[in-house]
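Written below as structure tokens is the structure these notes are about.
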Amino acid sequence: MKNKDLNDQQLIRLEKLKKYIELGIDPFGQAYKVTHSIKEIRRLCAKKAGDDLEKMNLQVSVAGRIKTIRRMGKASFMNVQDKGGNIQVYLALNGIGAENYELFKIADIGDIVGIEGVMNLTRTGELTIKAEKFTHLTKCLHPLPEKFHGLTDVEERSRKRYLDLIMNEEARKVAFMRPQIIRAIQKFLDDRDFVEVETSILSSVFGGAAARPFVTHHNTLDQDFYLRIATELNLKRLLIGGMERVYEIGRLFRNEGMDASHNPEFTSIEIYEAFSDLKGIGDLTEKMIRSVAKQVTGSPIIEYGGKKIDFESPFKWISMNDLIKAKTGIDFKKVASFEEAKKLAEEKGLHLDKFKNTIGYVMNEFFEELCQDDLIQPTFVYEYPIEVSPLTKKGKDPKFVERFELFVNGKELANAYTELNDPLDQEQRFLAQVEAKKMGDEEANEMDRDFLEALQYGMPPAGGVGMGIDRFVMLLTDQTQIREVILFPTMRNR
């Protein structure tokens, strides 16, 4: 830190370091014995009157960050925050002694301190630690932002998540709730005999989803690798190997745009169950979402953006074609040619990329542009065109596949298939993807010869689903921006 770059408050705080050293105190602290968290203290003292609390004589030792200070001569108040909450502290000259009180007098808001004392209630009924000892632990050299106006910019909060967590109770709530959601998902699946696995992030071939990959280079092998865009193909290899029920929660990487619901690095869960199908995996997904919502929020009916989202009632199932037909009057099962489909798209003002040259691509465009925003309550949209589903088993009508996407509040939350286990059909689908790539589709899958060979050994009939963990956390924490549920989202350089 160069003095010329510091403001007056920072210079004053920096100057105080000398005082701590003169007092024989390390300004950046030492280990400290904590006996109670603030959350635990509030639980122990809940609904107790002053006399009851006095009889209880609850001695505590807490550590946390000073959020407010009110100095009043020989007695002062401050508010201290730890990971679970905050609490008032009363410090008096005759309570902690002259030497200790002098140490407290050089404390600043933002410093990390230890407090030993006994619990009581003030005359106004506020739960308070009556301090018997004050311990300096870590000096804060930067003034904290002003509570109501100092840290409101979303981008700044995302860049300085540490500061966001200090100042923003909502950010703290989300940060602690996210792992609770993941643990609830794991418990639900573990209780049903699924096995959590880890598969490789680097791959010499990318596939399993329609997305542009990130490319990196391994120096020793002198070979390019992709950061995975999905875990699908490796998890299917495990089904072939006989693991039968597997899931993976892990980071995926897609070299795509950033918006309210997309971050290039995100977390997904993929679940595969041998001897199941689309309906079976749909039932599992519905029960899992309902169970996790109830466990984490207390209710399967949640509030999101001022709307009630009902995870308790049975989720709706509707085909993509029926949705489009209800919205536009167009029945794509009766559209006879791409030229007819293209003309319908032009009439609706829809733009088609040059590789989207089949009826199925146009149908999918109709759904994405005109229908999906209307799907507020949990809805399984099924029967997708084969062109947009290269890893999915064909339905009774070979132009469509056994696939659903689960939509909530107009956004895709999960994507599931009756898995394609026919190696001959899979090879033809990969070849179609290769042709789409030649025509400019940068999200088309590559030919994965090793996966085709694995399929030739026989993969059991199976259902599989992938769900975005970040989007699920957004729903359960009522957040509209994905960056609010990722501790360190991808950010543009300043």
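Chain identifiers are assigned as A, B, and so on, following the order in which chains appear in the structure tokens; residues are numbered from 1 within each chain, and ligands are numbered from 1 in order of appearance.
The residue set within 8 Å of A:Thr392, counting only C-alpha atoms and dropping same-chain residues fewer than 4 places from it, reads Ile386, Val401, Glu402, Arg403, Tyr417, Thr418, Glu419 and Leu420 of chain A.
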Self-check item: Selection: 10 Å around stretch 180-192 of chain A, only C-alpha atoms, excl. self and same-chain fewer than 3 positions, as JSON, numbers by chain
Solution: {"A": [174, 175, 176, 177, 195, 196, 245, 246, 247, 248, 249, 269, 271, 284, 287, 288, 289, 291, 292, 293, 294, 295, 296, 297, 469, 472, 473, 476]}
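By only C-alpha atoms, and with residues fewer than 3 positions from A:Asn100 along its chain excluded, the set lying at most 10 Å from it is Leu91, Ala92, Leu93, Gly95, Ile96, Gly97, Leu103, Phe104, Lys105, Glu132, Lys133, Phe134, Thr135 and His136 of chain A.
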Leaving out A:Arg254 and any residue of its chain fewer than 2 positions from it, which residues lie within 8 Å of it when counting only C-alpha atoms, given as an mmCIF file with N, CA and C atoms, in the first residue's frame?
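So part.cif came out as:
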data_model
loop_
_atom_site.group_PDB
_atom_site.id
_atom_site.type_symbol
_atom_site.label_atom_id
_atom_site.label_comp_id
_atom_site.auth_asym_id
_atom_site.auth_seq_id
_atom_site.Cartn_x
_atom_site.Cartn_y
_atom_site.Cartn_z
ATOM 1 N N ALA A 211 -23.162 -26.769 -27.584
ATOM 2 C CA ALA A 211 -22.501 -25.589 -27.023
ATOM 3 C C ALA A 211 -21.101 -25.461 -27.607
ATOM 4 N N ARG A 212 -20.586 -24.228 -27.600
ATOM 5 C CA ARG A 212 -19.197 -23.996 -28.028
ATOM 6 C C ARG A 212 -18.277 -24.246 -26.843
ATOM 7 N N PRO A 213 -17.187 -24.987 -27.060
ATOM 8 C CA PRO A 213 -16.298 -25.309 -25.948
ATOM 9 C C PRO A 213 -15.173 -24.278 -25.761
ATOM 10 N N PHE A 214 -14.560 -24.327 -24.580
ATOM 11 C CA PHE A 214 -13.279 -23.654 -24.359
ATOM 12 C C PHE A 214 -12.172 -24.639 -24.726
ATOM 13 N N ARG A 228 -14.917 -29.592 -20.498
ATOM 14 C CA ARG A 228 -16.163 -30.302 -20.796
ATOM 15 C C ARG A 228 -17.365 -29.359 -20.849
ATOM 16 N N ILE A 229 -18.258 -29.631 -21.791
ATOM 17 C CA ILE A 229 -19.512 -28.889 -21.893
ATOM 18 C C ILE A 229 -20.657 -29.693 -21.283
ATOM 19 N N LEU A 252 -19.270 -27.173 -15.492
ATOM 20 C CA LEU A 252 -19.240 -27.262 -16.941
ATOM 21 C C LEU A 252 -18.795 -25.917 -17.491
ATOM 22 N N GLU A 256 -19.909 -19.199 -24.364
ATOM 23 C CA GLU A 256 -21.116 -18.578 -24.899
ATOM 24 C C GLU A 256 -21.380 -17.252 -24.201
ATOM 25 N N PRO A 264 -20.379 -18.470 -18.277
ATOM 26 C CA PRO A 264 -19.567 -19.450 -19.026
ATOM 27 C C PRO A 264 -19.121 -20.646 -18.193
ATOM 28 N N GLU A 265 -18.954 -20.453 -16.904
ATOM 29 C CA GLU A 265 -18.599 -21.538 -15.979
ATOM 30 C C GLU A 265 -19.775 -21.712 -15.029
#
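Candidate residues A:Val62, A:Phe488, A:Ile201, A:Glu286 were compared for distance to A:Tyr162, and the nearest is A:Phe488, using only C-alpha atoms.
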